[in-house]
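S.K.: Supplied structure: input16.cif, mmCIF, C-alpha atoms and all ligand atoms.
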```
data_protein
loop_
_atom_site.label_atom_id
_atom_site.label_comp_id
_atom_site.auth_asym_id
_atom_site.auth_seq_id
_atom_site.Cartn_x
_atom_site.Cartn_y
_atom_site.Cartn_z
CA CYS A 1455 -1.40 -5.01 7.68
CA ARG A 1456 -2.04 -6.28 11.20
CA ILE A 1457 -4.10 -9.46 11.56
CA ALA A 1458 -5.54 -10.92 14.76
CA VAL A 1459 -6.69 -14.54 14.54
CA LEU A 1460 -9.32 -16.29 16.68
CA VAL A 1461 -8.96 -20.06 16.98
CA SER A 1462 -10.41 -22.97 18.93
CA GLY A 1463 -8.65 -26.06 17.63
CA ARG A 1464 -5.94 -27.35 15.40
CA GLY A 1465 -5.15 -24.13 13.56
CA SER A 1466 -4.37 -25.37 10.07
CA ASN A 1467 -5.88 -22.18 8.65
CA LEU A 1468 -3.69 -20.13 10.99
CA GLN A 1469 -0.69 -22.16 9.81
CA ALA A 1470 -1.57 -21.43 6.20
CA ILE A 1471 -1.58 -17.71 7.03
CA LEU A 1472 1.78 -17.97 8.83
CA ASP A 1473 3.31 -19.91 5.94
CA SER A 1474 2.03 -17.42 3.40
CA ILE A 1475 3.47 -14.50 5.37
CA ASP A 1476 6.81 -16.33 5.66
CA ALA A 1477 6.81 -17.02 1.94
CA GLY A 1478 6.33 -13.32 1.22
CA SER A 1479 2.97 -13.82 -0.46
CA LEU A 1480 0.83 -12.10 2.16
CA PRO A 1481 1.90 -8.58 3.19
CA ALA A 1482 0.72 -8.94 6.76
CA ARG A 1483 1.75 -9.60 10.33
CA ILE A 1484 0.01 -11.76 12.91
CA VAL A 1485 -0.36 -9.48 15.94
CA GLY A 1486 -2.16 -11.95 18.18
CA VAL A 1487 -3.80 -15.36 18.34
CA PHE A 1488 -6.80 -15.61 20.65
CA SER A 1489 -8.58 -18.71 21.89
CA ASP A 1490 -11.48 -19.85 24.02
CA LYS A 1491 -9.59 -23.14 24.47
CA PRO A 1492 -6.38 -22.65 26.46
CA GLY A 1493 -5.18 -26.06 25.27
CA ALA A 1494 -5.78 -25.42 21.58
CA THR A 1495 -3.03 -26.73 19.32
CA ALA A 1496 -3.39 -23.59 17.25
CA LEU A 1497 -1.89 -21.46 20.04
CA GLN A 1498 1.35 -23.41 19.83
CA ARG A 1499 1.90 -22.21 16.29
CA VAL A 1500 2.94 -18.72 17.42
CA ALA A 1501 5.33 -17.33 20.01
CA PRO A 1502 4.04 -17.14 23.59
CA ALA A 1503 3.98 -13.35 23.48
CA LEU A 1504 1.35 -13.48 20.74
CA ARG A 1505 -1.00 -15.87 22.58
CA TRP A 1506 -4.11 -15.01 24.54
CA SER A 1507 -6.55 -17.56 25.87
CA ALA A 1508 -9.14 -17.92 28.57
CA ASP A 1509 -11.69 -20.50 29.58
CA PRO A 1510 -15.20 -19.08 29.14
CA LYS A 1511 -16.37 -21.18 32.12
CA ALA A 1512 -14.30 -18.97 34.38
CA PHE A 1513 -16.46 -15.96 33.46
CA ALA A 1514 -19.85 -15.01 34.87
CA SER A 1515 -21.43 -14.65 31.45
CA ARG A 1516 -20.86 -14.86 27.74
CA GLU A 1517 -20.75 -11.07 27.67
CA ALA A 1518 -18.02 -10.96 30.31
CA PHE A 1519 -15.85 -13.41 28.36
CA ASP A 1520 -16.44 -11.56 25.12
CA ALA A 1521 -15.56 -8.24 26.74
CA ASP A 1522 -12.18 -9.53 27.92
CA LEU A 1523 -11.55 -11.11 24.54
CA ALA A 1524 -12.51 -7.90 22.76
CA ASP A 1525 -10.20 -5.80 24.95
CA ALA A 1526 -7.33 -8.20 24.35
CA VAL A 1527 -7.92 -8.17 20.61
CA ALA A 1528 -8.25 -4.37 20.52
CA ALA A 1529 -4.99 -4.02 22.45
CA THR A 1530 -3.16 -5.52 19.48
CA ASP A 1531 -4.59 -2.80 17.21
CA PRO A 1532 -5.58 -5.13 14.36
CA ASP A 1533 -6.65 -4.00 10.90
CA TRP A 1534 -8.44 -7.32 10.47
CA VAL A 1535 -9.79 -9.91 12.90
CA VAL A 1536 -10.08 -13.39 11.42
CA CYS A 1537 -12.07 -16.26 12.90
CA ALA A 1538 -10.21 -19.33 11.63
CA GLY A 1539 -11.84 -22.31 13.25
CA TYR A 1540 -13.18 -20.27 16.17
CA LEU A 1541 -16.09 -22.35 17.38
CA ARG A 1542 -17.70 -20.10 19.94
CA ILE A 1543 -20.46 -17.72 18.91
CA LEU A 1544 -19.35 -14.08 19.24
CA GLY A 1545 -21.81 -11.81 21.02
CA ASP A 1546 -23.26 -8.66 19.52
CA ALA A 1547 -20.96 -6.35 21.45
CA PHE A 1548 -17.86 -8.05 20.08
CA VAL A 1549 -19.19 -8.13 16.54
CA THR A 1550 -20.25 -4.49 16.64
CA ARG A 1551 -16.86 -3.39 17.95
CA PHE A 1552 -14.98 -5.03 15.07
CA ARG A 1553 -17.64 -4.97 12.39
CA GLY A 1554 -16.34 -4.33 8.89
CA ARG A 1555 -12.97 -5.86 9.71
CA LEU A 1556 -14.18 -9.16 11.19
CA LEU A 1557 -14.01 -12.21 8.92
CA ASN A 1558 -14.92 -15.88 9.33
CA ILE A 1559 -14.17 -18.99 7.33
CA HIS A 1560 -17.08 -21.38 7.38
CA PRO A 1561 -17.06 -24.92 6.01
CA SER A 1562 -20.14 -24.79 3.78
CA LEU A 1563 -21.45 -22.97 0.77
CA LEU A 1564 -23.39 -20.33 2.66
CA PRO A 1565 -26.26 -19.60 2.90
CA LYS A 1566 -26.47 -23.39 3.04
CA TYR A 1567 -25.57 -24.99 6.37
CA PRO A 1568 -24.82 -22.21 8.82
CA GLY A 1569 -23.80 -23.47 12.27
CA LEU A 1570 -22.17 -26.76 13.18
CA ARG A 1571 -21.86 -30.25 11.60
CA THR A 1572 -21.95 -28.83 8.10
CA HIS A 1573 -20.38 -31.85 6.41
CA ALA A 1574 -22.74 -34.41 7.97
CA ARG A 1575 -25.73 -32.25 7.11
CA ALA A 1576 -24.61 -31.81 3.48
CA LEU A 1577 -24.18 -35.58 3.18
CA ALA A 1578 -27.56 -36.26 4.77
CA ASP A 1579 -29.16 -33.97 2.19
CA GLY A 1580 -27.48 -35.78 -0.69
CA GLU A 1581 -25.55 -32.73 -1.85
CA THR A 1582 -23.20 -33.37 -4.77
CA VAL A 1583 -21.26 -30.13 -4.29
CA HIS A 1584 -20.04 -28.69 -1.00
CA GLY A 1585 -17.36 -26.23 0.02
CA ALA A 1586 -16.30 -23.30 2.14
CA SER A 1587 -17.11 -19.60 2.42
CA VAL A 1588 -15.30 -16.58 3.76
CA HIS A 1589 -17.71 -13.92 4.96
CA PHE A 1590 -17.98 -10.78 7.03
CA VAL A 1591 -19.28 -11.49 10.54
CA ILE A 1592 -22.51 -9.83 11.63
CA PRO A 1593 -24.52 -10.59 14.78
CA GLU A 1594 -26.68 -13.18 13.00
CA LEU A 1595 -24.77 -16.49 12.89
CA ASP A 1596 -22.94 -17.14 9.60
CA ALA A 1597 -25.20 -14.63 7.84
CA GLY A 1598 -22.85 -11.78 6.91
CA SER A 1599 -22.02 -11.00 3.30
CA VAL A 1600 -20.05 -13.71 1.55
CA ILE A 1601 -16.76 -12.54 0.03
CA ALA A 1602 -15.66 -15.73 -1.71
CA GLN A 1603 -16.41 -19.43 -1.86
CA ALA A 1604 -14.57 -22.56 -2.95
CA ARG A 1605 -16.35 -25.71 -4.11
CA VAL A 1606 -15.50 -29.38 -3.86
CA PRO A 1607 -17.35 -32.43 -5.19
CA VAL A 1608 -19.02 -34.85 -2.82
CA GLU A 1609 -17.75 -38.32 -3.79
CA PRO A 1610 -19.70 -41.56 -3.47
CA GLY A 1611 -18.93 -43.22 -0.15
CA ASP A 1612 -17.80 -40.00 1.52
CA GLY A 1613 -18.22 -39.77 5.27
CA PRO A 1614 -18.17 -36.46 7.15
CA ASP A 1615 -14.43 -36.76 7.79
CA ASP A 1616 -13.61 -37.38 4.13
CA LEU A 1617 -15.63 -34.39 3.14
CA ALA A 1618 -14.15 -32.22 5.89
CA ALA A 1619 -10.64 -33.09 4.70
CA ARG A 1620 -11.48 -32.23 1.10
CA VAL A 1621 -13.05 -28.93 2.11
CA LEU A 1622 -10.11 -28.05 4.36
CA GLN A 1623 -7.74 -28.28 1.39
CA VAL A 1624 -9.64 -25.53 -0.40
CA GLU A 1625 -10.19 -23.47 2.75
CA HIS A 1626 -6.54 -22.50 2.99
CA PRO A 1627 -6.12 -20.96 -0.49
CA LEU A 1628 -9.59 -19.42 -0.20
CA LEU A 1629 -8.77 -17.68 3.07
CA LEU A 1630 -5.40 -16.53 1.78
CA ALA A 1631 -6.93 -15.05 -1.37
CA VAL A 1632 -9.34 -13.02 0.75
CA LEU A 1633 -6.63 -11.95 3.17
CA ARG A 1634 -4.48 -10.75 0.29
CA LEU A 1635 -7.36 -8.48 -0.71
CA ALA A 1636 -7.75 -7.33 2.88
CA ALA A 1637 -4.04 -6.69 3.28
CA THR A 1638 -3.89 -4.63 0.12
CA GLY A 1639 -6.87 -2.43 0.88
CA ARG A 1640 -9.22 -4.04 -1.61
CA LEU A 1641 -11.82 -5.47 0.77
CA THR A 1642 -14.81 -3.70 2.27
CA GLU A 1643 -18.13 -4.96 3.57
CA GLN A 1644 -19.79 -3.30 0.57
CA GLY A 1645 -18.53 -6.09 -1.66
CA THR A 1646 -15.51 -7.34 -3.47
CA THR A 1647 -16.54 -10.58 -5.12
CA ALA A 1648 -15.59 -9.19 -8.52
CA ALA A 1649 -12.05 -8.60 -7.33
CA LEU A 1650 -11.67 -12.33 -6.70
CA ASP A 1651 -12.63 -13.32 -10.24
CA GLY A 1652 -9.59 -14.89 -11.80
CA HIS A 1653 -8.40 -16.48 -8.60
CA GLY A 1654 -10.20 -19.63 -9.69
CA LEU A 1655 -12.24 -19.78 -6.54
C1 LIG B 1701 -12.26 -25.42 9.49
O1 LIG B 1701 -12.95 -26.36 8.73
C2 LIG B 1701 -13.08 -24.19 9.65
O2 LIG B 1701 -13.77 -23.82 8.52
C3 LIG B 1701 -14.03 -24.67 10.70
O3 LIG B 1701 -13.23 -25.36 11.62
C4 LIG B 1701 -12.13 -25.89 10.91
C5 LIG B 1701 -10.90 -25.36 11.57
O4 LIG B 1701 -9.75 -25.92 11.09
N1 LIG B 1701 -14.89 -23.68 11.24
P1 LIG B 1701 -8.34 -25.41 11.61
O5 LIG B 1701 -8.44 -25.23 13.10
O6 LIG B 1701 -8.02 -24.11 10.89
O7 LIG B 1701 -7.38 -26.49 11.24
#
```
Written as structure tokens, that's how I'd like the structure from this file.
M.R.:
Amino acid sequence: CRIAVLVSGRGSNLQAILDSIDAGSLPARIVGVFSDKPGATALQRVAPALRWSADPKAFASREAFDADLADAVAATDPDWVVCAGYLRILGDAFVTRFRGRLLNIHPSLLPKYPGLRTHARALADGETVHGASVHFVIPELDAGSVIAQARVPVEPGDGPDDLAARVLQVEHPLLLAVLRLAATGRLTEQGTTAALDGHGL
């Protein structure tokens, strides 16, 4: 199956996908890596021919940036489009174009803590359990149906960075479990949580 990945930063989730493909445990191919940050470390993880990036500030509007991004993504003919640390909100036109095959990994146990600064907000609320979610993307931010979640404990003395690091460790296997379903035709927006039972997530 053909996977396009949207990234803004370091790309450890992208690396986990690449490693899993290399190891033969994900029957997929990365067909493009797309970024709103031309300097993103994540882009360096794939060959130049697979990279696309542009600075949104160079566009007249959010819609104009999204339209170029959407055309570039569509040109790679992806079966799935995965936001893996993509920090810019996708407009309705983009989401509608790829709906049903557009996934995001979000560092909280949705519906708790949509948006940014999830770890600091969980700590401020005194949460004892936190985690990550993989969900379908719909126009409302971080509100699409959740496919799978992974939980981690919040430890005494944790700061946001400690918690982020602990969550990141479970993000990678979580995302890979969902992508294995996607790559093997077992994932639709109508629901698949049952299919993940037994993955220990
Ligand atoms: C992850 O925590 C992801 O959930 C969040 O941003 C982080 C990206 O990490 N939205 P990386 O770029 O995959 O290393």
S.K.: Any chance you could work out the axis-aligned box around ligand LIG 1701 (chain B), listed atoms only, 4 Å on each side, giving centre and edge lengths in Å to one decimal, as JSON?
M.R.:
```
{"center_x": -11.1, "center_y": -25.1, "center_z": 10.8, "size_x": 15.5, "size_y": 10.8, "size_z": 12.6}
```
S.K.: Would you work out the distance separating CA of Leu1544 in chain A from CA of Pro1565 in chain A, expressed in Å to one decimal?
M.R.: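 Those two atoms sit 18.6 Å apart.
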S.K.: Using all atoms listed in the file, which residue out of A:Gly1463, A:Leu1523, A:Leu1480, A:Gln1469 lies closest to Arg1499 in chain A?
M.R.: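 Of all the options, A:Gln1469 lies closest to Arg1499 in chain A.
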S.K.: I want to know what sits within 12 Å of Arg1553 in chain A, based on all atoms listed in the file, with residues of the same chain fewer than 3 positions away left out; could you give that as a PyMOL selection string?
M.R.: chain A and resi 1524+1533-1536+1544-1550+1556-1558+1589-1593+1598-1599+1642-1643
S.K.: Please compute the CA of Ala1631 in chain A-CA of Thr1582 in chain A distance, one decimal, in Å.
M.R.: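 Computed distance, CA of Ala1631 in chain A to CA of Thr1582 in chain A, equals 24.7 Å.
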S.K.: Just to confirm, what's the straight-line distance from CA of Gln1623 in chain A to CA of Pro1607 in chain A in Å (one decimal)?
M.R.: 12.4 Å
S.K.: With only C-alpha atoms as the atoms that count, which of A:Asp1596, A:Glu1581, A:Asp1525, A:Asp1476 lies nearest to Ile1559 in chain A?
M.R.: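 The answer is A:Asp1596, which sits nearest to Ile1559 in chain A.
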S.K.: Which chains and residue numbers are within 9 Å of ligand LIG 1701 (chain B), counting only C-alpha atoms and all ligand atoms, if I want them as a ChimeraX atom specification?
M.R.: /A:1461-1470,1494-1496,1537-1541,1558-1562,1569-1570,1586-1588,1618-1619,1621-1622,1625-1626
S.K.: Go ahead and save the picked residues with C-alpha atoms, as a tab-separated table (two decimals), in the coordinates of the input.
M.R.:
```tsv
chain	number	residue	atom	x	y	z
A	1461	VAL	CA	-8.96	-20.06	16.98
A	1462	SER	CA	-10.41	-22.97	18.93
A	1463	GLY	CA	-8.65	-26.06	17.63
A	1464	ARG	CA	-5.94	-27.35	15.40
A	1465	GLY	CA	-5.15	-24.13	13.56
A	1466	SER	CA	-4.37	-25.37	10.07
A	1467	ASN	CA	-5.88	-22.18	8.65
A	1468	LEU	CA	-3.69	-20.13	10.99
A	1469	GLN	CA	-0.69	-22.16	9.81
A	1470	ALA	CA	-1.57	-21.43	6.20
A	1494	ALA	CA	-5.78	-25.42	21.58
A	1495	THR	CA	-3.03	-26.73	19.32
A	1496	ALA	CA	-3.39	-23.59	17.25
A	1537	CYS	CA	-12.07	-16.26	12.90
A	1538	ALA	CA	-10.21	-19.33	11.63
A	1539	GLY	CA	-11.84	-22.31	13.25
A	1540	TYR	CA	-13.18	-20.27	16.17
A	1541	LEU	CA	-16.09	-22.35	17.38
A	1558	ASN	CA	-14.92	-15.88	9.33
A	1559	ILE	CA	-14.17	-18.99	7.33
A	1560	HIS	CA	-17.08	-21.38	7.38
A	1561	PRO	CA	-17.06	-24.92	6.01
A	1562	SER	CA	-20.14	-24.79	3.78
A	1569	GLY	CA	-23.80	-23.47	12.27
A	1570	LEU	CA	-22.17	-26.76	13.18
A	1586	ALA	CA	-16.30	-23.30	2.14
A	1587	SER	CA	-17.11	-19.60	2.42
A	1588	VAL	CA	-15.30	-16.58	3.76
A	1618	ALA	CA	-14.15	-32.22	5.89
A	1619	ALA	CA	-10.64	-33.09	4.70
A	1621	VAL	CA	-13.05	-28.93	2.11
A	1622	LEU	CA	-10.11	-28.05	4.36
A	1625	GLU	CA	-10.19	-23.47	2.75
A	1626	HIS	CA	-6.54	-22.50	2.99
```
S.K.: Which residues come within 12 Å of Thr1530 in chain A, counting all atoms listed in the file, excluding same-chain residues fewer than 4 positions away, as a PyMOL selection string?
M.R.: chain A and resi 1455-1459+1483-1488+1503-1506+1523-1526+1534-1535
S.K.: Give the answer as one residue: which of A:Ile1543, A:Leu1630, A:Leu1617, A:Ala1604 has the shortest atom-to-atom distance to Arg1571 in chain A, using all atoms listed in the file?
M.R.: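 Going through A:Ile1543, A:Leu1630, A:Leu1617, A:Ala1604 one by one, the smallest distance to Arg1571 in chain A is for A:Leu1617.
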S.K.: For a quick check of understanding, using all atoms listed in the file, which of A:Phe1552, A:Pro1614, A:Pro1502, A:Leu1563 has the smallest distance to Arg1575 in chain A?
M.R.: A:Pro1614
S.K.: Of the residues A:Arg1542, A:Glu1517, A:Pro1510, A:Ala1501, which is the one nearest to Leu1460 in chain A, using only C-alpha atoms?
M.R.: A:Arg1542
S.K.: Using all atoms listed in the file, find the one residue out of A:Ala1637, A:Leu1564, A:Ala1576, A:Val1624 that sits nearest to Ile1601 in chain A.
M.R.: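 Smallest separation from Ile1601 in chain A among the options: A:Leu1564.
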S.K.: Identify, on the basis of all atoms listed in the file, every residue whose closest approach to Arg1605 in chain A does not exceed 7 Å; exclude the query and any residue fewer than 5 positions from it along the same chain; express the result as a CSV table (one decimal) with C-alpha atoms, in the coordinates of the input.
M.R.:
```
chain,number,residue,atom,x,y,z
A,1583,VAL,CA,-21.3,-30.1,-4.3
A,1584,HIS,CA,-20.0,-28.7,-1.0
A,1585,GLY,CA,-17.4,-26.2,0.0
A,1586,ALA,CA,-16.3,-23.3,2.1
```
S.K.: With only C-alpha atoms as the counted atoms, please give the residues lying no more than 12 Å from Gly1580 in chain A, apart from itself and same-chain residues fewer than 6 positions off, as a list in words.
M.R.: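 Using only C-alpha atoms, the neighbours found are His1573, Ala1574, Pro1607, Val1608, Glu1609, Pro1610, Gly1611, Asp1612 and Gly1613 of chain A.
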